[in-house]
Structures are given as structure tokens and as C-alpha cells.
Amino acid sequence: MNCLHNRLHCLLGGITASLLLGISTASCRAQSQTAPAAGPVAAPVSGWWSFEPAKDTFSPAALLDLRSLNEKTAGENGFITRSADGADFATTNGKPIRFWGVSEYIQDKDNPDWLAHKARWLAKRGVNMVRVHTQIASKEADSELTDVDPKAVDRIWRLVAAMKKEGIYTTISPYWGVHVKAQPKWNIPGMSGQELAGVVFWDKTLQTGYKSWLKALYGPANPYTGIPLSQEPAVAILQHQNEDSMLFWTMQGVKGEQLTQVRARFGDWLKKKHGSLAAANASWGGQSPAPGEFQDNQGDEFAQGRAGIYILWNWTQERSGYQGKRLADQLAFFGDTMKDFNAEIARYLRRDLGCRQLINAGNWRPADPVKLFDVERYSYTANEVMGVNRYFTGAHEGKDNGWAIRPGDKFTNNSVLRDPRGMPTNIKQPAGFPFLIPETEWVAPTAYQSEGPLLTAAYQSLTGVDVSYFFADGDVPEWQPPFAPDPWNPPTGKWSVATPMQVGQFPAAALLFRQGYVKKGAPVVHEERSLEDLWQRRSPLIAEEGGWDPNRDTGNLPPRSAVKTAADPLAFLVGPVEVVLGGDPSKNRVTDLAPYHNARKKTVESVTGEIRLNYGTGFCVVNSPKAQGATGFFRGVGGPVTLGDVTLESRNEYASVAVVALDDQPIKTSKKLLVQVGTIARPTGWQDKDATWASGDGKQTMTGKEVVSTGKNPWSIVRADLTVTVRNPGLTVATMLDANGEAVRRLPLTRISGGIRLTYPADTLYVVLQ
């Protein structure tokens, strides 16, 4: 599989890493890798243990196997639909369902045995949803507009069939305009040989091709199931497109014939609203801007029905008078154009192809998240499901930093526990829609990845985000090693989650989330935004990205808002934050967050009382009847961590510990508990050192690490140093498990009043208590 990230990295050009903190900059980051070759085993350094799991045989004797959480076959209870209030997922028979997901690429190896094995392997670890993101348009230079890549289509069909057998649903993302190149015979005006960012939203020729590609994918019978994907209940969600928007910086690259089309469509939109272009111009103030003021020097040509387009950058600035009024109409036009496209493709999928799945319009971010994100989401309201790609990452400077980690690279070694505004689940969710994060990951080379699954599960549960897909599960049948024979020869790939500190931390996280062990909170921010407020780019009560400043960015709140001050940006960690797009600002309300957020102590507690984060020390606890644990910098805690039924005493600097019920019972009475521990994993022999350097734009001095050596296979893991006390008198047996959930040996337990105490083994991810 080609790594598509590099091209988008070039497109973003001068956008600095700090601006993109925690935000996805691409969708295709899994490297093409094969199974590791046999060779000498490198011994880990002192204080680490070597992660070298045997191949999983899926023994029925395994004490940890979450396959039973899945349906026997995905879709056996009908198509996935929405709950009565529209905000969550349910099966056709009305039963609520939650998903734990990954983006999957094993199908690209064209090995049916590997594909079947990976499906069972994922199900065992708690996965019941995968996302396939690919390009199905033909890549051949002599292709016709309606041609598809038959191999790409076949791989999707194979994936759906294999995952279905293991009770795993599929989300399909078949198009990414940034990486579709228009071929000469497609006859897309002015675009031959060029990539198609944004063009699908307005160009009728491309839309014709796009529909034909969808028909080739969803219409024919899947040869591996006999059922067309349009009628396949194991396919849960159809995504129109990936990471594309008329509100992103790529829109400023539209020129020539394509921009002429946009100007003509804008002219039509203005005539529909104002009656004529002259009337529109009069409503703005009656000026006649020179062509040079507009994108590509294409100015107003009212006689020909075309109106000039201001470059997108203007929306990121304060504008008033003639330009401000005109920009408001232009923003409404852009929002309506994307929404109309989303509605038309939904109509085509439903009526022409007969697709019965839920539909998600997109997953991208705008150039200015404060001023434009609600417009982006407005365009998604034509469909049933909302989404955005969201990563936790930091600065990474290096030659191939888009896809690989090399000696000499410099990076900020971040934990979200000390940067809580970067939490991927910090999302202002449109009310009445399920919300998905199609791509998420704690991105390497950060060492603090073990916190990701537990925090994702806990805060998704609290806020009502419906599914995150960890990006990406690489194309090997089980665990991804740090290095593998590959023509790209990457020292260490950035985008694989099939590692001990990410997929290895799935079981407890998947249980917690899918079984509802942590409660959803009542909304702490309810915002209603009129459409006019969106077009005028008036300040929101709260914005979800780290660059939002409640003191700076709320000077233009809607006059009718019932709330006159900005909401605390850490409200996302207290409870759900929701917005009604096209609503009444007089109905805005914000919970008093003072009892939950203590800025002096740097603590924030959920409205449910089940999650507490100290972002000063970098430490978070989860404390519910069926799931208890902690993640972060234990040395900063200064003593035992006492929860409802569990006490944790760790000498590790950093660790993630979860105790969850395997039998859906409270921990204090459960007959089978999973104790899961993650620390830090690095390639054996990895070395880094302290470093400072200038940021890419030269405006900041960065402090972090420099990679000295990327090491070699296998993974080495910091040894756990932990004592776990569980106040459950019925527990009598502790069993250490291997990475496949199979018993290794019995462990000694110390009886205490009302429970047991366990010295956790240093070299395992899992222990089961019974």
C-alpha cells in the first residue's frame, strides 16, 4: 500500500506542527509491511522485558477472549440504525450497540488465511468494528471516468466477508479527493493529471464518475457472501469521502476552469437568495472590487452570472462592512454546496443503489476550527452520522516525519494527561446524531501510548462519542514488530497500533466501553447556533481544539445568547458538550463547572464522579462499580491510589492499570476480573536524548527528545512494579496470562480483610482473578 501521507504533508506546506497538534493530517499512514523474518533475538536492557508472543491458536482454554461479546455473525440482528433520540447506535430490533474499532489494512496483502486470522484475532481483543479506507477509482492512465480499481473493490468485499464471520461490522471509506488523480479520459475540466481536492462537491463530471464507482462497489453481489454490499447488514456505515472540505486550506488551490464553475454556482446561489447579482451586491454595500482582490484574479462577471470568490484566509480574519457581508454569503454558499452534495449522494445511495446503511458525510476539519467548524458540521446534517479524525500527537521534526522515525529526528514526548485540551474525545457534538472518530491514535514517537485506549474508553463513555477507530492496524496477521522487511525500509513506522501499548491495551478498554461500565453524563454545555450566526462567524460558547482561547475568541457572541461568557475549555472532560445547528441561542445553557474544575489544583472531575484527572501531575483515575483503574505518572501521586474496590501501589514512573469485570458484575462481587497493565514499549535498544530545536516556522524553541538509535526487534517493555489490592472476598485464584490470553502460571495471593493483594508480575500485560 502506498503511503499517501507525504503528499498531504506537502500540501499543508507552512502550517506548523503546533497548529496541527492533535489533529489528523492524513488518512493513509499504515506502512506496507510483512511478517517479521526469523533471526537472532536481541536481549532487552535491564528493567525491560522482551515482548515475543507466540502465534495465537485461539485455544478454547484461554481465560481472556472477548469474541463472545460479538454477534455470531455481524448483522444477525439486522442493519445498524440509530437510537430513538438519534444520538447513538442500535440494531434493527432496537437493542443498543457500542463499537470498538480499528482501521484495517490486512486485506491489502491478498492472503485469505491472514485475513481470516486477523478477524478472529481482533474479535478476541474486543474489536467489533473495522474501517476500510482506500481508493476505488481507477489509477490507470488510460481509464475511463466510470472505471474502478477492481483489486481495491475485491479487497473490500473480502474484508467485509471475513469480518462478518467474527461478528465485526465494517465502515467503508472509498474516496479521498486529495489522492485521486484525474486521468485524461475523465474529461474533468482543467484537472487532467491533477489531484481532486474539493472538486467532488461541485463538479458534475466528477460526481458522475464518483457515483459510478459507488455503484461498482455497492451494487454487484459480493462473491464471498453472495450479498451486494448495499444489502449487507454487516456493513454498518458508509462514508462519502475522507478529509476533504471546501472550508480547508486546499480550497485556495482551486483555479482556472474549476474556479469558474464555483463562481457560476455562487452566482446562481446569490440570484436565488437576492433575486439578482446586482441586488446581492447592493445588499453588501454596492462596491466593485478589482479582480485582484479575488482568488486566482477571477473577479465579478455579473453579466455572465459569475461572482468572485474571496480566498478562504479571509474567513480566519475579522472582516466588516462590504467584505464582511459578502463573506457571510460566500460562507453560506460553501456550506450549502457541501450539504447539497451530501444530500444528493445519500439520495443516490438510498434510491438508486438501495443501500440501507447509515451514512457519514465526512471527517475533516476547517481552516479555522473556532469560526468554521460548526459550518463544516452543518454540511454533515444531510446525513445520519457525524465524524472527525482526531489524533493526539506532538511535534516531530525529521526527513520522513510523515511516516517514519529515524535517528536524528526530534520530537516532543507528550502525554495527553498533561495536555488535556488535546484529548481526542474533546468534541462538540451536534445533538441528535451519533458521532464517530474514524481515525485516532496516540502517535509515535511519543512513549506514552498505553494511556490511549483507557482514556478513549472512559471519555467516550462519559461524553457519548460512539466509536473511535484506532489508526491503523497494519497488514500483518497479528502484532506489528518495530521493523519488518519492506521495500520502504522504514526504521520504525509511525502509524501502526497493533503494538503492546495500543492493541495490547484493548481488552480492558473495549470491555469498559462496550459494556457501559462508565456512565454517560448529562450535557454540561448545550449550545444552539442560528445559521445566521454561523455565516457571520460569531463566536461559539466553546470550541474543541487546543488553539481556542475563551478570553480572545469570544468577543463576538451572538446577541441573543442566553449565556454571555465563554464556557471553560475543559468542559469536555466534565461531561457531554452538544450543539444544535440552526437552533435558538436564547436556549444556550452552561452548567456551573466550578465544582468540577479546580484550575489552581489542576484537577477536573466528570459530572458523574467516575473520572478524575490531575493535569498538573499527569494522572487520571476511573472509578466505577465495574471498572476501576488509573493511568499516568504514578511517581507524582505520592502514595497508594485508593478507588472504590481497588488500591494500586506502583513504583513505575508511568503506567496504565485497569481492573474490569469479565462477568458484567461489580468488582466487589465479580467472580472473574481482568487486571491489565501497560507501561512503555520501545524497540529493543532504542535510545533518545534531551534536545532543543527551532520549530518549523522558526517562531518557537521546542524542548523534547532526539532519537539516537531506533533499536531493533523485538519490542521491549518497561517492567511493571505494582501491587494491586482488590476488596472482593470471593477471589481465590490469580493467573498470569500471555499476550494471547492463555494461562502461564498461578500467582500467589495475600489474603487481607475483605479481599486479596497481588504482587503483579513484571513481565505480562494481563492477569485474571477468579
# chains A, B, ... in the order shown; residues from 1 in each chain; ligands from 1
$ closest_atom_pairs --of "segment 336-444 of chain A" --to "segment 688-705 of chain A" --cutoff "7 Å" --atoms "only C-alpha atoms" --output "JSON lines"
{"residue": "A:Lys410", "atom": "CA", "partner": "A:Lys705", "partner_atom": "CA", "distance": 5.5}
{"residue": "A:Phe411", "atom": "CA", "partner": "A:Lys705", "partner_atom": "CA", "distance": 5.4}
{"residue": "A:Thr412", "atom": "CA", "partner": "A:Gly704", "partner_atom": "CA", "distance": 4.4}
{"residue": "A:Asn413", "atom": "CA", "partner": "A:Gly704", "partner_atom": "CA", "distance": 6.1}
$ residues_around --residues "Lys325 of chain A" --least-positions-apart "6" --cutoff "9 Å" --atoms "only C-alpha atoms" --output "PyMOL selection string"
chain A and resi 283-285+319+536
$ write_last_selection --atoms "N, CA and C atoms" --output "compact mmCIF listing (two decimals), in the first residue's frame"
# COMPACT_ATOMS: atom_id res chain seq x y z
N SER A 283 -26.88 44.74 -1.51
CA SER A 283 -27.09 44.38 -0.10
C SER A 283 -25.79 44.38 0.68
N TRP A 284 -24.68 44.19 0.00
CA TRP A 284 -23.37 44.19 0.67
C TRP A 284 -22.81 45.61 0.84
N GLY A 285 -23.31 46.54 0.03
CA GLY A 285 -22.81 47.91 0.12
C GLY A 285 -22.47 48.53 -1.22
N ARG A 319 -13.60 40.63 9.59
CA ARG A 319 -13.97 41.42 8.42
C ARG A 319 -15.34 42.07 8.67
N GLN A 536 -22.08 34.61 9.89
CA GLN A 536 -21.41 35.82 10.36
C GLN A 536 -20.15 35.49 11.17
$ atom_distance --atom1 "atom CA of Gly618 of chain A" --atom2 "atom CA of Glu605 of chain A"
13.7 Å
$ closest_residue --among "A:Pro558, A:Leu534, A:Gly730, A:Ala361" --to "Leu327 of chain A" --atoms "only C-alpha atoms"
A:Leu534
$ select_by_dssp --residues "segment 166-256 of chain A" --states "strand (DSSP E or B)" --output "list in words"
Tyr169, Thr170, Thr171, Ile172, Ser173, Lys181, Glu195, Ala221, Pro228, Val235, Ala236, Ile237, Leu238 and Gln239 of chain A
$ write_last_selection --atoms "all heavy atoms" --output "compact mmCIF listing (two decimals), in the first residue's frame"
# COMPACT_ATOMS: atom_id res chain seq x y z
N TYR A 169 -18.39 -5.57 12.39
CA TYR A 169 -19.00 -4.73 11.36
C TYR A 169 -17.92 -3.96 10.60
O TYR A 169 -16.79 -3.83 11.05
CB TYR A 169 -19.99 -3.75 11.99
CG TYR A 169 -21.27 -4.40 12.47
CD1 TYR A 169 -21.33 -5.02 13.71
CD2 TYR A 169 -22.41 -4.38 11.68
CE1 TYR A 169 -22.51 -5.61 14.16
CE2 TYR A 169 -23.60 -4.97 12.12
CZ TYR A 169 -23.64 -5.59 13.36
OH TYR A 169 -24.79 -6.18 13.79
N THR A 170 -18.31 -3.42 9.45
CA THR A 170 -17.39 -2.68 8.61
C THR A 170 -17.94 -1.30 8.29
O THR A 170 -19.13 -1.14 7.99
CB THR A 170 -17.09 -3.41 7.29
OG1 THR A 170 -16.52 -4.69 7.59
CG2 THR A 170 -16.11 -2.64 6.42
N THR A 171 -17.08 -0.30 8.38
CA THR A 171 -17.33 1.05 7.87
C THR A 171 -16.48 1.22 6.62
O THR A 171 -15.30 0.86 6.61
CB THR A 171 -16.94 2.10 8.92
OG1 THR A 171 -17.79 1.97 10.06
CG2 THR A 171 -17.06 3.52 8.36
N ILE A 172 -17.08 1.76 5.57
CA ILE A 172 -16.39 1.85 4.28
C ILE A 172 -16.14 3.30 3.90
O ILE A 172 -17.06 4.12 3.84
CB ILE A 172 -17.19 1.14 3.17
CG1 ILE A 172 -17.36 -0.34 3.50
CG2 ILE A 172 -16.49 1.30 1.82
CD1 ILE A 172 -18.23 -1.11 2.52
N SER A 173 -14.87 3.61 3.63
CA SER A 173 -14.44 4.94 3.17
C SER A 173 -13.73 4.74 1.83
O SER A 173 -12.56 4.39 1.79
CB SER A 173 -13.50 5.56 4.19
OG SER A 173 -12.89 6.73 3.68
N LYS A 181 -6.14 11.14 -8.67
CA LYS A 181 -5.59 11.93 -9.77
C LYS A 181 -6.49 11.77 -11.00
O LYS A 181 -6.78 10.66 -11.43
CB LYS A 181 -4.16 11.50 -10.10
CG LYS A 181 -3.49 12.33 -11.19
CD LYS A 181 -2.04 11.93 -11.38
CE LYS A 181 -1.20 12.33 -10.19
NZ LYS A 181 0.25 12.08 -10.45
N GLU A 195 -4.63 16.28 -8.72
CA GLU A 195 -5.41 15.71 -7.63
C GLU A 195 -6.68 16.53 -7.42
O GLU A 195 -6.73 17.72 -7.73
CB GLU A 195 -4.55 15.63 -6.37
CG GLU A 195 -3.42 14.61 -6.54
CD GLU A 195 -2.33 14.75 -5.51
OE1 GLU A 195 -2.29 15.78 -4.81
OE2 GLU A 195 -1.50 13.82 -5.40
N ALA A 221 -23.29 -8.40 -6.45
CA ALA A 221 -23.22 -9.35 -5.35
C ALA A 221 -21.77 -9.56 -4.93
O ALA A 221 -20.88 -9.72 -5.78
CB ALA A 221 -23.84 -10.68 -5.76
N PRO A 228 -25.02 -8.28 -2.19
CA PRO A 228 -24.46 -6.96 -2.51
C PRO A 228 -24.21 -6.17 -1.23
O PRO A 228 -24.97 -6.29 -0.26
CB PRO A 228 -25.56 -6.31 -3.36
CG PRO A 228 -26.41 -7.42 -3.84
CD PRO A 228 -26.36 -8.48 -2.79
N VAL A 235 -22.27 -4.42 6.99
CA VAL A 235 -21.71 -3.09 6.69
C VAL A 235 -22.55 -2.08 7.45
O VAL A 235 -23.75 -1.94 7.21
CB VAL A 235 -21.72 -2.79 5.18
CG1 VAL A 235 -21.24 -1.37 4.93
CG2 VAL A 235 -20.84 -3.78 4.44
N ALA A 236 -21.92 -1.37 8.38
CA ALA A 236 -22.67 -0.51 9.29
C ALA A 236 -22.79 0.92 8.78
O ALA A 236 -23.86 1.53 8.88
CB ALA A 236 -22.00 -0.51 10.67
N ILE A 237 -21.69 1.47 8.25
CA ILE A 237 -21.64 2.90 7.93
C ILE A 237 -20.94 3.10 6.60
O ILE A 237 -19.90 2.49 6.34
CB ILE A 237 -20.91 3.70 9.03
CG1 ILE A 237 -21.57 3.50 10.39
CG2 ILE A 237 -20.85 5.19 8.69
CD1 ILE A 237 -20.75 4.02 11.56
N LEU A 238 -21.49 3.96 5.77
CA LEU A 238 -20.87 4.36 4.51
C LEU A 238 -20.42 5.81 4.64
O LEU A 238 -21.20 6.69 4.99
CB LEU A 238 -21.88 4.25 3.36
CG LEU A 238 -22.63 2.93 3.22
CD1 LEU A 238 -23.58 2.99 2.01
CD2 LEU A 238 -21.68 1.76 3.09
N GLN A 239 -19.14 6.04 4.38
CA GLN A 239 -18.61 7.39 4.40
C GLN A 239 -18.54 7.92 2.97
O GLN A 239 -18.03 7.23 2.08
CB GLN A 239 -17.22 7.42 5.03
CG GLN A 239 -17.20 7.13 6.52
CD GLN A 239 -15.82 7.37 7.10
OE1 GLN A 239 -14.97 6.49 7.09
NE2 GLN A 239 -15.60 8.57 7.63
$ closest_residue --among "A:Leu531, A:Ile405, A:Ala87, A:Leu372" --to "Gly464 of chain A" --atoms "only C-alpha atoms"
A:Ala87
$ closest_residue --among "A:Phe633, A:Trp49, A:Tyr391, A:Tyr459" --to "Glu610 of chain A" --atoms "only C-alpha atoms"
A:Tyr459
$ closest_residue --among "A:Gln194, A:Asn588, A:Gln505, A:Ala484" --to "Val525 of chain A" --atoms "only C-alpha atoms"
A:Asn588
$ select_by_dssp --residues "segment 379-587 of chain A" --states "alpha helix (DSSP H)" --output "list in words"
Ser379, Tyr380, Glu451, Gly452, Pro453, Leu454, Leu455, Thr456, Ala457, Ala458, Tyr459, Gln460, Ser461, Leu462, Thr463, Phe506, Pro507, Ala508, Ala509, Ala510, Leu511, Leu512, Phe513, Arg514, Leu531, Glu532, Asp533, Leu534 and Trp535 of chain A
$ residues_around --residues "Arg98 of chain A" --least-positions-apart "5" --cutoff "10 Å" --atoms "only C-alpha atoms" --output "PyMOL selection string"
chain A and resi 88-90+128-129+461+465-467+510+513-516
$ write_last_selection --atoms "all heavy atoms" --output "compact mmCIF listing (two decimals), in the first residue's frame"
# COMPACT_ATOMS: atom_id res chain seq x y z
N ASP A 88 -27.35 7.73 19.23
CA ASP A 88 -26.50 6.56 19.43
C ASP A 88 -26.86 5.48 18.41
O ASP A 88 -27.81 5.62 17.64
CB ASP A 88 -26.66 6.02 20.85
CG ASP A 88 -26.19 7.02 21.89
OD1 ASP A 88 -25.00 7.38 21.86
OD2 ASP A 88 -27.01 7.44 22.73
N PHE A 89 -26.11 4.38 18.44
CA PHE A 89 -26.34 3.28 17.53
C PHE A 89 -27.23 2.22 18.18
O PHE A 89 -27.21 2.02 19.39
CB PHE A 89 -25.02 2.63 17.11
CG PHE A 89 -24.14 3.53 16.28
CD1 PHE A 89 -22.85 3.85 16.69
CD2 PHE A 89 -24.59 4.05 15.08
CE1 PHE A 89 -22.04 4.66 15.93
CE2 PHE A 89 -23.79 4.88 14.31
CZ PHE A 89 -22.50 5.18 14.74
N ALA A 90 -27.97 1.54 17.33
CA ALA A 90 -28.82 0.42 17.77
C ALA A 90 -28.93 -0.56 16.62
O ALA A 90 -28.67 -0.23 15.46
CB ALA A 90 -30.21 0.92 18.19
N ASN A 128 -15.20 -4.88 17.43
CA ASN A 128 -16.40 -5.29 16.70
C ASN A 128 -16.75 -4.33 15.56
O ASN A 128 -17.87 -4.35 15.04
CB ASN A 128 -17.60 -5.46 17.64
CG ASN A 128 -18.02 -4.17 18.32
OD1 ASN A 128 -17.23 -3.24 18.47
ND2 ASN A 128 -19.26 -4.12 18.77
N MET A 129 -15.77 -3.49 15.18
CA MET A 129 -15.95 -2.62 14.02
C MET A 129 -14.58 -2.35 13.40
O MET A 129 -13.61 -2.05 14.12
CB MET A 129 -16.59 -1.29 14.43
CG MET A 129 -16.72 -0.28 13.28
SD MET A 129 -18.10 -0.60 12.17
CE MET A 129 -19.42 0.27 13.06
N SER A 461 -17.27 7.07 26.91
CA SER A 461 -18.43 6.68 27.71
C SER A 461 -19.07 7.90 28.35
O SER A 461 -20.30 8.04 28.35
CB SER A 461 -18.00 5.69 28.79
OG SER A 461 -17.46 4.51 28.25
N VAL A 465 -19.46 10.02 22.68
CA VAL A 465 -18.85 9.70 21.39
C VAL A 465 -19.05 8.20 21.16
O VAL A 465 -18.81 7.39 22.05
CB VAL A 465 -17.37 10.07 21.36
CG1 VAL A 465 -16.70 9.54 20.10
CG2 VAL A 465 -17.21 11.58 21.46
N ASP A 466 -19.48 7.81 19.96
CA ASP A 466 -19.99 6.46 19.77
C ASP A 466 -18.96 5.43 19.35
O ASP A 466 -19.12 4.24 19.64
CB ASP A 466 -21.14 6.49 18.75
CG ASP A 466 -22.35 7.21 19.32
OD1 ASP A 466 -23.12 6.58 20.05
OD2 ASP A 466 -22.50 8.41 19.06
N VAL A 467 -17.91 5.83 18.64
CA VAL A 467 -16.87 4.87 18.27
C VAL A 467 -15.64 5.62 17.82
O VAL A 467 -15.74 6.65 17.14
CB VAL A 467 -17.35 3.90 17.15
CG1 VAL A 467 -17.83 4.64 15.92
CG2 VAL A 467 -16.25 2.90 16.78
N ALA A 510 -11.99 -2.04 25.75
CA ALA A 510 -13.16 -2.46 24.97
C ALA A 510 -14.28 -2.93 25.89
O ALA A 510 -15.46 -2.62 25.67
CB ALA A 510 -12.77 -3.56 23.99
N PHE A 513 -15.92 0.14 27.62
CA PHE A 513 -16.77 0.94 26.75
C PHE A 513 -17.98 0.17 26.25
O PHE A 513 -19.12 0.63 26.35
CB PHE A 513 -15.97 1.48 25.57
CG PHE A 513 -16.80 2.32 24.64
CD1 PHE A 513 -17.28 3.55 25.06
CD2 PHE A 513 -17.12 1.88 23.37
CE1 PHE A 513 -18.07 4.33 24.22
CE2 PHE A 513 -17.90 2.64 22.53
CZ PHE A 513 -18.38 3.88 22.95
N ARG A 514 -17.75 -1.01 25.70
CA ARG A 514 -18.85 -1.73 25.07
C ARG A 514 -19.90 -2.19 26.08
O ARG A 514 -21.09 -2.26 25.74
CB ARG A 514 -18.30 -2.93 24.30
CG ARG A 514 -17.51 -2.54 23.06
CD ARG A 514 -16.99 -3.75 22.32
NE ARG A 514 -18.07 -4.63 21.90
CZ ARG A 514 -17.91 -5.82 21.36
NH1 ARG A 514 -16.66 -6.27 21.15
NH2 ARG A 514 -18.94 -6.55 20.99
N GLN A 515 -19.48 -2.48 27.30
CA GLN A 515 -20.42 -2.94 28.33
C GLN A 515 -21.02 -1.80 29.13
O GLN A 515 -21.86 -2.03 30.00
CB GLN A 515 -19.71 -3.91 29.28
CG GLN A 515 -19.20 -5.18 28.61
CD GLN A 515 -20.32 -6.07 28.10
OE1 GLN A 515 -20.80 -5.89 26.97
NE2 GLN A 515 -20.76 -7.01 28.92
N GLY A 516 -20.61 -0.57 28.84
CA GLY A 516 -21.21 0.57 29.53
C GLY A 516 -20.82 0.67 31.00
O GLY A 516 -21.63 1.10 31.83
$ decode --residues "segment 236-250 of chain A" --atoms "C-alpha atoms" --output "mmCIF file, in the first residue's frame"
data_model
loop_
_atom_site.group_PDB
_atom_site.id
_atom_site.type_symbol
_atom_site.label_atom_id
_atom_site.label_comp_id
_atom_site.auth_asym_id
_atom_site.auth_seq_id
_atom_site.Cartn_x
_atom_site.Cartn_y
_atom_site.Cartn_z
ATOM 1 C CA ALA A 236 -22.667 -0.506 9.287
ATOM 2 C CA ILE A 237 -21.643 2.903 7.931
ATOM 3 C CA LEU A 238 -20.872 4.364 4.511
ATOM 4 C CA GLN A 239 -18.608 7.394 4.397
ATOM 5 C CA HIS A 240 -18.958 9.715 1.420
ATOM 6 C CA GLN A 241 -15.353 10.868 1.456
ATOM 7 C CA ASN A 242 -12.307 11.286 3.654
ATOM 8 C CA GLU A 243 -10.639 14.501 4.838
ATOM 9 C CA ASP A 244 -11.915 16.899 2.212
ATOM 10 C CA SER A 245 -13.762 20.163 2.594
ATOM 11 C CA MET A 246 -14.410 23.446 0.847
ATOM 12 C CA LEU A 247 -13.501 25.053 4.184
ATOM 13 C CA PHE A 248 -9.937 23.717 4.355
ATOM 14 C CA TRP A 249 -6.787 25.362 3.024
ATOM 15 C CA THR A 250 -6.704 23.130 -0.054
#
